[in-house]
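One structure below.
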Amino acid sequence: MRDFRDAKAMAQTLRDALKAKSISVSHSESLELVARTLGFHDWNVLSAAIQSSQPVAADSKSAPAPSLNGGTVIPVAPMRDIVFFPQLISPIFVGREKTRRAIESAAANDGRIVVITQRRAEDDDPNFDALYSVGVVADIMNRVELPNGNQKVRVSCGKRVAVVRPAEADFLAAEVVPLDEVRALDTEAFALTGEIFEAYRSSTNTVPPQSLYRYAGEPGVLADVVVQLLEVDVEKMRQVLEIQDVVARLETILGWMRAGAPAKAS
């Protein structure tokens, strides 16, 4: 009997059945439909459940390394009004005591922390209900104590991860699983990169910066970089972070650009 771990096969069966009735749905839409049918909030949550039910490879470049209690439990730093993406190197400013303890724990172990956006920026003591379910694993590069008592922590962001469940600690910590991209190397993804460059030209009346062209061969990375150049709100940024399907991610960004969300001129 099939269960939630067969979700991808079920999604393909659904697409085939609908296609026979001349009803077309995308790969990502079929995954979302199956997730909701099985009682999960969305595909991200179902994907996390599937991966947590299977052994997770301890690849230091693609999965969070053990840091607490010998598992995939990692300290969490909640972020206000900002969404962090893979490939990003950025400082975070730490003032809240719980987040400081999370940073200290990460630095004392494998140096990794998960950064996740808060649902409400004004929440000074968020729990996991007050955070989105998807963030990124970040390596702590260095820390500096500031005169006001806060810390400036420079981090290098890696893979997308989904929270499976909170962990017991005197700071925010959670068991997480990596979220792997799908259709990252499809012909359709590469075709959409050309449309992204053209939309950038149209929205700014300038040639895209050379720094963007280095990602022409990595459609998923290009999508993550371009969305950070758009004048869109945190909610839309968060939406893109949660899209594992690279073709759907590019289509979403392209739709915003064509609807009038301009890229910031370089």
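How things are named: the first chain in the structure tokens is A, the next is B, and so on; residues count from 1 in each chain; ligands count from 1 in the order shown.
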| said: When DSSP is applied to the backbone of this structure, which of stretch 115-257 of chain A are assigned strand (DSSP E)? Write them out as a PyMOL selection string. | reply: chain A and resi 115-117+134-145+151-166+173-178
A:Asp245: which residues within 9 Å, counting only C-alpha atoms, same-chain residues fewer than 3 positions away excluded, as a short mmCIF file (atom, residue, chain, number, x, y, z; two decimals) with N, CA and C atoms, in the first residue's frame?
```cif
data_model
loop_
_atom_site.label_atom_id
_atom_site.label_comp_id
_atom_site.auth_asym_id
_atom_site.auth_seq_id
_atom_site.Cartn_x
_atom_site.Cartn_y
_atom_site.Cartn_z
N HIS A 27 4.27 20.09 -12.79
CA HIS A 27 4.88 19.16 -11.83
C HIS A 27 4.71 19.66 -10.40
N SER A 28 4.98 20.95 -10.19
CA SER A 28 4.88 21.50 -8.83
C SER A 28 3.44 21.52 -8.36
N ASP A 180 16.13 19.39 -1.51
CA ASP A 180 16.84 19.28 -2.78
C ASP A 180 16.05 19.93 -3.91
N GLU A 181 16.76 20.56 -4.83
CA GLU A 181 16.12 21.16 -5.99
C GLU A 181 15.68 20.08 -6.97
N VAL A 182 14.62 20.37 -7.70
CA VAL A 182 14.18 19.50 -8.78
C VAL A 182 14.13 20.32 -10.07
N ARG A 183 14.31 19.64 -11.19
CA ARG A 183 14.33 20.24 -12.54
C ARG A 183 15.38 21.35 -12.66
N ALA A 184 16.48 21.22 -11.91
CA ALA A 184 17.51 22.25 -11.93
C ALA A 184 18.26 22.29 -13.25
N GLY A 220 19.03 27.47 -10.95
CA GLY A 220 18.53 27.64 -9.58
C GLY A 220 19.24 28.76 -8.85
N ALA A 248 9.64 26.23 -11.74
CA ALA A 248 8.56 27.01 -11.11
C ALA A 248 9.12 28.26 -10.46
N ARG A 249 10.31 28.16 -9.90
CA ARG A 249 10.94 29.33 -9.26
C ARG A 249 11.23 30.41 -10.29
N LEU A 250 11.80 30.01 -11.42
CA LEU A 250 12.10 30.98 -12.48
C LEU A 250 10.82 31.57 -13.06
#
```
| Selection: 8 Å around stretch 145-152 of chain A, only C-alpha atoms, excl. self and same-chain fewer than 6 positions, as a PyMOL selection string | chain A and resi 91-95+100
The selected residues should be written to file as a PDB file, in the first residue's frame (atoms: all heavy atoms).
```
ATOM      1  N   PRO A  91      26.479  39.777   6.918  1.00  0.00           N
ATOM      2  CA  PRO A  91      26.485  39.857   8.380  1.00  0.00           C
ATOM      3  C   PRO A  91      25.069  39.751   8.930  1.00  0.00           C
ATOM      4  O   PRO A  91      24.104  40.143   8.267  1.00  0.00           O
ATOM      5  CB  PRO A  91      27.078  41.238   8.658  1.00  0.00           C
ATOM      6  CG  PRO A  91      26.659  42.054   7.470  1.00  0.00           C
ATOM      7  CD  PRO A  91      26.657  41.109   6.296  1.00  0.00           C
ATOM      8  N   ILE A  92      24.937  39.187  10.120  1.00  0.00           N
ATOM      9  CA  ILE A  92      23.701  39.294  10.869  1.00  0.00           C
ATOM     10  C   ILE A  92      24.056  39.958  12.199  1.00  0.00           C
ATOM     11  O   ILE A  92      25.160  39.790  12.712  1.00  0.00           O
ATOM     12  CB  ILE A  92      23.019  37.925  11.098  1.00  0.00           C
ATOM     13  CG1 ILE A  92      23.921  36.968  11.891  1.00  0.00           C
ATOM     14  CG2 ILE A  92      22.627  37.292   9.784  1.00  0.00           C
ATOM     15  CD1 ILE A  92      23.241  35.645  12.219  1.00  0.00           C
ATOM     16  N   PHE A  93      23.136  40.737  12.717  1.00  0.00           N
ATOM     17  CA  PHE A  93      23.388  41.464  13.960  1.00  0.00           C
ATOM     18  C   PHE A  93      22.568  40.824  15.073  1.00  0.00           C
ATOM     19  O   PHE A  93      21.348  40.725  14.974  1.00  0.00           O
ATOM     20  CB  PHE A  93      23.068  42.946  13.780  1.00  0.00           C
ATOM     21  CG  PHE A  93      23.991  43.610  12.798  1.00  0.00           C
ATOM     22  CD1 PHE A  93      23.661  43.669  11.447  1.00  0.00           C
ATOM     23  CD2 PHE A  93      25.203  44.143  13.217  1.00  0.00           C
ATOM     24  CE1 PHE A  93      24.517  44.261  10.529  1.00  0.00           C
ATOM     25  CE2 PHE A  93      26.063  44.732  12.307  1.00  0.00           C
ATOM     26  CZ  PHE A  93      25.726  44.793  10.967  1.00  0.00           C
ATOM     27  N   VAL A  94      23.244  40.384  16.091  1.00  0.00           N
ATOM     28  CA  VAL A  94      22.628  39.584  17.152  1.00  0.00           C
ATOM     29  C   VAL A  94      22.541  40.400  18.432  1.00  0.00           C
ATOM     30  O   VAL A  94      23.571  40.827  18.978  1.00  0.00           O
ATOM     31  CB  VAL A  94      23.442  38.298  17.400  1.00  0.00           C
ATOM     32  CG1 VAL A  94      22.823  37.494  18.532  1.00  0.00           C
ATOM     33  CG2 VAL A  94      23.535  37.472  16.123  1.00  0.00           C
ATOM     34  N   GLY A  95      21.318  40.622  18.893  1.00  0.00           N
ATOM     35  CA  GLY A  95      21.119  41.339  20.142  1.00  0.00           C
ATOM     36  C   GLY A  95      20.317  40.555  21.158  1.00  0.00           C
ATOM     37  O   GLY A  95      20.507  40.684  22.359  1.00  0.00           O
ATOM     38  N   ARG A 100      21.849  34.874  20.803  1.00  0.00           N
ATOM     39  CA  ARG A 100      23.261  34.861  21.189  1.00  0.00           C
ATOM     40  C   ARG A 100      23.664  33.461  21.680  1.00  0.00           C
ATOM     41  O   ARG A 100      24.725  32.951  21.322  1.00  0.00           O
ATOM     42  CB  ARG A 100      23.520  35.906  22.273  1.00  0.00           C
ATOM     43  CG  ARG A 100      24.983  35.960  22.749  1.00  0.00           C
ATOM     44  CD  ARG A 100      25.142  36.949  23.887  1.00  0.00           C
ATOM     45  NE  ARG A 100      25.059  38.322  23.401  1.00  0.00           N
ATOM     46  CZ  ARG A 100      26.115  39.011  22.994  1.00  0.00           C
ATOM     47  NH1 ARG A 100      27.327  38.466  23.007  1.00  0.00           N
ATOM     48  NH2 ARG A 100      25.980  40.255  22.576  1.00  0.00           N
TER      49      ARG A 100
END
```
| request: Would you please extract all alpha helix (DSSP H) residues from stretch 20-260 of chain A, as assigned by DSSP on the backbone, and give them as a PyMOL selection string? | output: chain A and resi 20+27-37+43-52+97-108+187-204+210-213+219-227+234-241+246-258
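Taking atom CA of A:Glu168 as the reference point, atom CA of A:Val136 is found at 20.2 Å.
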| Rounded to one decimal in Å, what is the spacing between atom CA of A:Ile82 and atom CA of A:Leu185? | 28.2 Å
| said: Taking 3 positions as the minimum chain separation for residues in the same chain, which residues sit within 9 Å of A:Asp170 when counting only C-alpha atoms? Answer as a ChimeraX atom specification. | reply: /A:98,101-102,173
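The shortest atom-to-atom distance to A:Asp125, with only C-alpha atoms taken into account, belongs to A:Arg96 out of A:Arg80, A:Arg96, A:Arg214, A:Lys19.
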| request: Write out as a VMD selection string each polymer residue whose atoms come within 12 Å of A:Tyr215, counting only C-alpha atoms; drop sequence neighbours fewer than 4 positions from it. | output: chain A and resid 87 190 193 to 194 196 to 197 208 to 211 219 to 226
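Closest to A:Arg238 among A:Asp16, A:Asp6, A:Glu29, A:Asp81 is A:Asp81, based on only C-alpha atoms.
Of the listed residues A:Leu31, A:Ala77, A:Val232, A:Ser202, the one whose atoms come nearest to A:Glu97 is A:Ala77, with distances taken using only C-alpha atoms.
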| request: Identify, on the basis of only C-alpha atoms, every residue whose closest approach to A:Glu242 does not exceed 9 Å; exclude the query and any residue fewer than 3 positions from it along the same chain; express the result as a ChimeraX atom specification. | output: /A:44,133-135,160,162,179,237-239,249
Selected residues, all heavy atoms, written as a PDB file, in the first residue's frame, please.
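So the final result, stored in selection-v7.pdb, reads:
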```pdb
ATOM      1  N   ASN A  44       6.549  21.445   0.810  1.00  0.00           N
ATOM      2  CA  ASN A  44       7.747  21.579   1.631  1.00  0.00           C
ATOM      3  C   ASN A  44       7.655  20.728   2.891  1.00  0.00           C
ATOM      4  O   ASN A  44       8.609  20.057   3.280  1.00  0.00           O
ATOM      5  CB  ASN A  44       7.974  23.043   2.016  1.00  0.00           C
ATOM      6  CG  ASN A  44       8.439  23.878   0.847  1.00  0.00           C
ATOM      7  OD1 ASN A  44       9.266  23.435   0.065  1.00  0.00           O
ATOM      8  ND2 ASN A  44       7.916  25.070   0.720  1.00  0.00           N
ATOM      9  N   SER A 133       8.738  27.829   7.847  1.00  0.00           N
ATOM     10  CA  SER A 133       9.249  26.468   8.017  1.00  0.00           C
ATOM     11  C   SER A 133      10.524  26.185   7.224  1.00  0.00           C
ATOM     12  O   SER A 133      11.156  25.148   7.419  1.00  0.00           O
ATOM     13  CB  SER A 133       8.177  25.454   7.612  1.00  0.00           C
ATOM     14  OG  SER A 133       7.831  25.610   6.238  1.00  0.00           O
ATOM     15  N   VAL A 134      10.893  27.096   6.319  1.00  0.00           N
ATOM     16  CA  VAL A 134      12.068  26.880   5.463  1.00  0.00           C
ATOM     17  C   VAL A 134      13.080  27.998   5.670  1.00  0.00           C
ATOM     18  O   VAL A 134      12.722  29.178   5.723  1.00  0.00           O
ATOM     19  CB  VAL A 134      11.662  26.806   3.974  1.00  0.00           C
ATOM     20  CG1 VAL A 134      12.894  26.716   3.076  1.00  0.00           C
ATOM     21  CG2 VAL A 134      10.738  25.610   3.730  1.00  0.00           C
ATOM     22  N   GLY A 135      14.342  27.606   5.812  1.00  0.00           N
ATOM     23  CA  GLY A 135      15.434  28.576   5.934  1.00  0.00           C
ATOM     24  C   GLY A 135      16.661  28.047   5.219  1.00  0.00           C
ATOM     25  O   GLY A 135      16.543  27.194   4.325  1.00  0.00           O
ATOM     26  N   ARG A 160      19.125  25.083   1.288  1.00  0.00           N
ATOM     27  CA  ARG A 160      17.797  25.201   1.859  1.00  0.00           C
ATOM     28  C   ARG A 160      17.537  24.020   2.788  1.00  0.00           C
ATOM     29  O   ARG A 160      17.895  22.873   2.472  1.00  0.00           O
ATOM     30  CB  ARG A 160      16.735  25.174   0.758  1.00  0.00           C
ATOM     31  CG  ARG A 160      16.630  26.428  -0.077  1.00  0.00           C
ATOM     32  CD  ARG A 160      15.740  26.148  -1.288  1.00  0.00           C
ATOM     33  NE  ARG A 160      15.319  27.371  -1.956  1.00  0.00           N
ATOM     34  CZ  ARG A 160      16.062  28.052  -2.818  1.00  0.00           C
ATOM     35  NH1 ARG A 160      17.280  27.621  -3.119  1.00  0.00           N
ATOM     36  NH2 ARG A 160      15.602  29.156  -3.385  1.00  0.00           N
ATOM     37  N   ALA A 162      14.342  22.447   5.701  1.00  0.00           N
ATOM     38  CA  ALA A 162      13.012  22.560   6.291  1.00  0.00           C
ATOM     39  C   ALA A 162      13.046  22.059   7.721  1.00  0.00           C
ATOM     40  O   ALA A 162      13.731  21.077   8.027  1.00  0.00           O
ATOM     41  CB  ALA A 162      11.995  21.757   5.482  1.00  0.00           C
ATOM     42  N   LEU A 179      16.463  20.446   1.604  1.00  0.00           N
ATOM     43  CA  LEU A 179      15.470  20.462   0.539  1.00  0.00           C
ATOM     44  C   LEU A 179      16.201  20.481  -0.798  1.00  0.00           C
ATOM     45  O   LEU A 179      16.828  21.478  -1.158  1.00  0.00           O
ATOM     46  CB  LEU A 179      14.566  21.691   0.665  1.00  0.00           C
ATOM     47  CG  LEU A 179      13.662  21.756   1.899  1.00  0.00           C
ATOM     48  CD1 LEU A 179      12.849  23.043   1.881  1.00  0.00           C
ATOM     49  CD2 LEU A 179      12.751  20.544   1.982  1.00  0.00           C
ATOM     50  N   MET A 237       9.836  37.158  -1.315  1.00  0.00           N
ATOM     51  CA  MET A 237      11.171  36.566  -1.189  1.00  0.00           C
ATOM     52  C   MET A 237      11.074  35.209  -0.496  1.00  0.00           C
ATOM     53  O   MET A 237      11.698  34.223  -0.907  1.00  0.00           O
ATOM     54  CB  MET A 237      12.079  37.495  -0.384  1.00  0.00           C
ATOM     55  CG  MET A 237      12.295  38.853  -0.998  1.00  0.00           C
ATOM     56  SD  MET A 237      13.632  38.886  -2.196  1.00  0.00           S
ATOM     57  CE  MET A 237      15.031  39.059  -1.111  1.00  0.00           C
ATOM     58  N   ARG A 238      10.286  35.173   0.572  1.00  0.00           N
ATOM     59  CA  ARG A 238      10.112  33.929   1.317  1.00  0.00           C
ATOM     60  C   ARG A 238       9.465  32.867   0.435  1.00  0.00           C
ATOM     61  O   ARG A 238       9.824  31.687   0.458  1.00  0.00           O
ATOM     62  CB  ARG A 238       9.255  34.233   2.557  1.00  0.00           C
ATOM     63  CG  ARG A 238       9.136  33.097   3.569  1.00  0.00           C
ATOM     64  CD  ARG A 238       8.024  32.128   3.271  1.00  0.00           C
ATOM     65  NE  ARG A 238       6.758  32.781   3.030  1.00  0.00           N
ATOM     66  CZ  ARG A 238       5.683  32.143   2.590  1.00  0.00           C
ATOM     67  NH1 ARG A 238       5.732  30.848   2.330  1.00  0.00           N
ATOM     68  NH2 ARG A 238       4.556  32.794   2.366  1.00  0.00           N
ATOM     69  N   GLN A 239       8.497  33.279  -0.394  1.00  0.00           N
ATOM     70  CA  GLN A 239       7.836  32.348  -1.302  1.00  0.00           C
ATOM     71  C   GLN A 239       8.838  31.697  -2.248  1.00  0.00           C
ATOM     72  O   GLN A 239       8.806  30.479  -2.464  1.00  0.00           O
ATOM     73  CB  GLN A 239       6.761  33.082  -2.104  1.00  0.00           C
ATOM     74  CG  GLN A 239       5.992  32.201  -3.080  1.00  0.00           C
ATOM     75  CD  GLN A 239       4.969  32.994  -3.875  1.00  0.00           C
ATOM     76  OE1 GLN A 239       4.525  34.062  -3.460  1.00  0.00           O
ATOM     77  NE2 GLN A 239       4.587  32.475  -5.024  1.00  0.00           N
ATOM     78  N   ARG A 249      10.314  28.163  -9.900  1.00  0.00           N
ATOM     79  CA  ARG A 249      10.944  29.334  -9.257  1.00  0.00           C
ATOM     80  C   ARG A 249      11.229  30.414 -10.292  1.00  0.00           C
ATOM     81  O   ARG A 249      10.928  31.597 -10.084  1.00  0.00           O
ATOM     82  CB  ARG A 249      12.247  28.901  -8.571  1.00  0.00           C
ATOM     83  CG  ARG A 249      12.801  29.917  -7.581  1.00  0.00           C
ATOM     84  CD  ARG A 249      14.164  29.469  -7.049  1.00  0.00           C
ATOM     85  NE  ARG A 249      14.135  28.134  -6.497  1.00  0.00           N
ATOM     86  CZ  ARG A 249      15.212  27.392  -6.275  1.00  0.00           C
ATOM     87  NH1 ARG A 249      16.420  27.856  -6.597  1.00  0.00           N
ATOM     88  NH2 ARG A 249      15.095  26.190  -5.767  1.00  0.00           N
TER      89      ARG A 249
END
```
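Considering only C-alpha atoms, the residue among A:Asp233, A:Gln12, A:Ser90, A:Leu254 positioned nearest to A:Glu195 is A:Leu254.
Minimum atom-to-atom distances from A:Glu218, A:Glu235, A:Ile253, A:Met10 to A:Arg119 were compared using only C-alpha atoms, and the lowest value belongs to A:Glu235.
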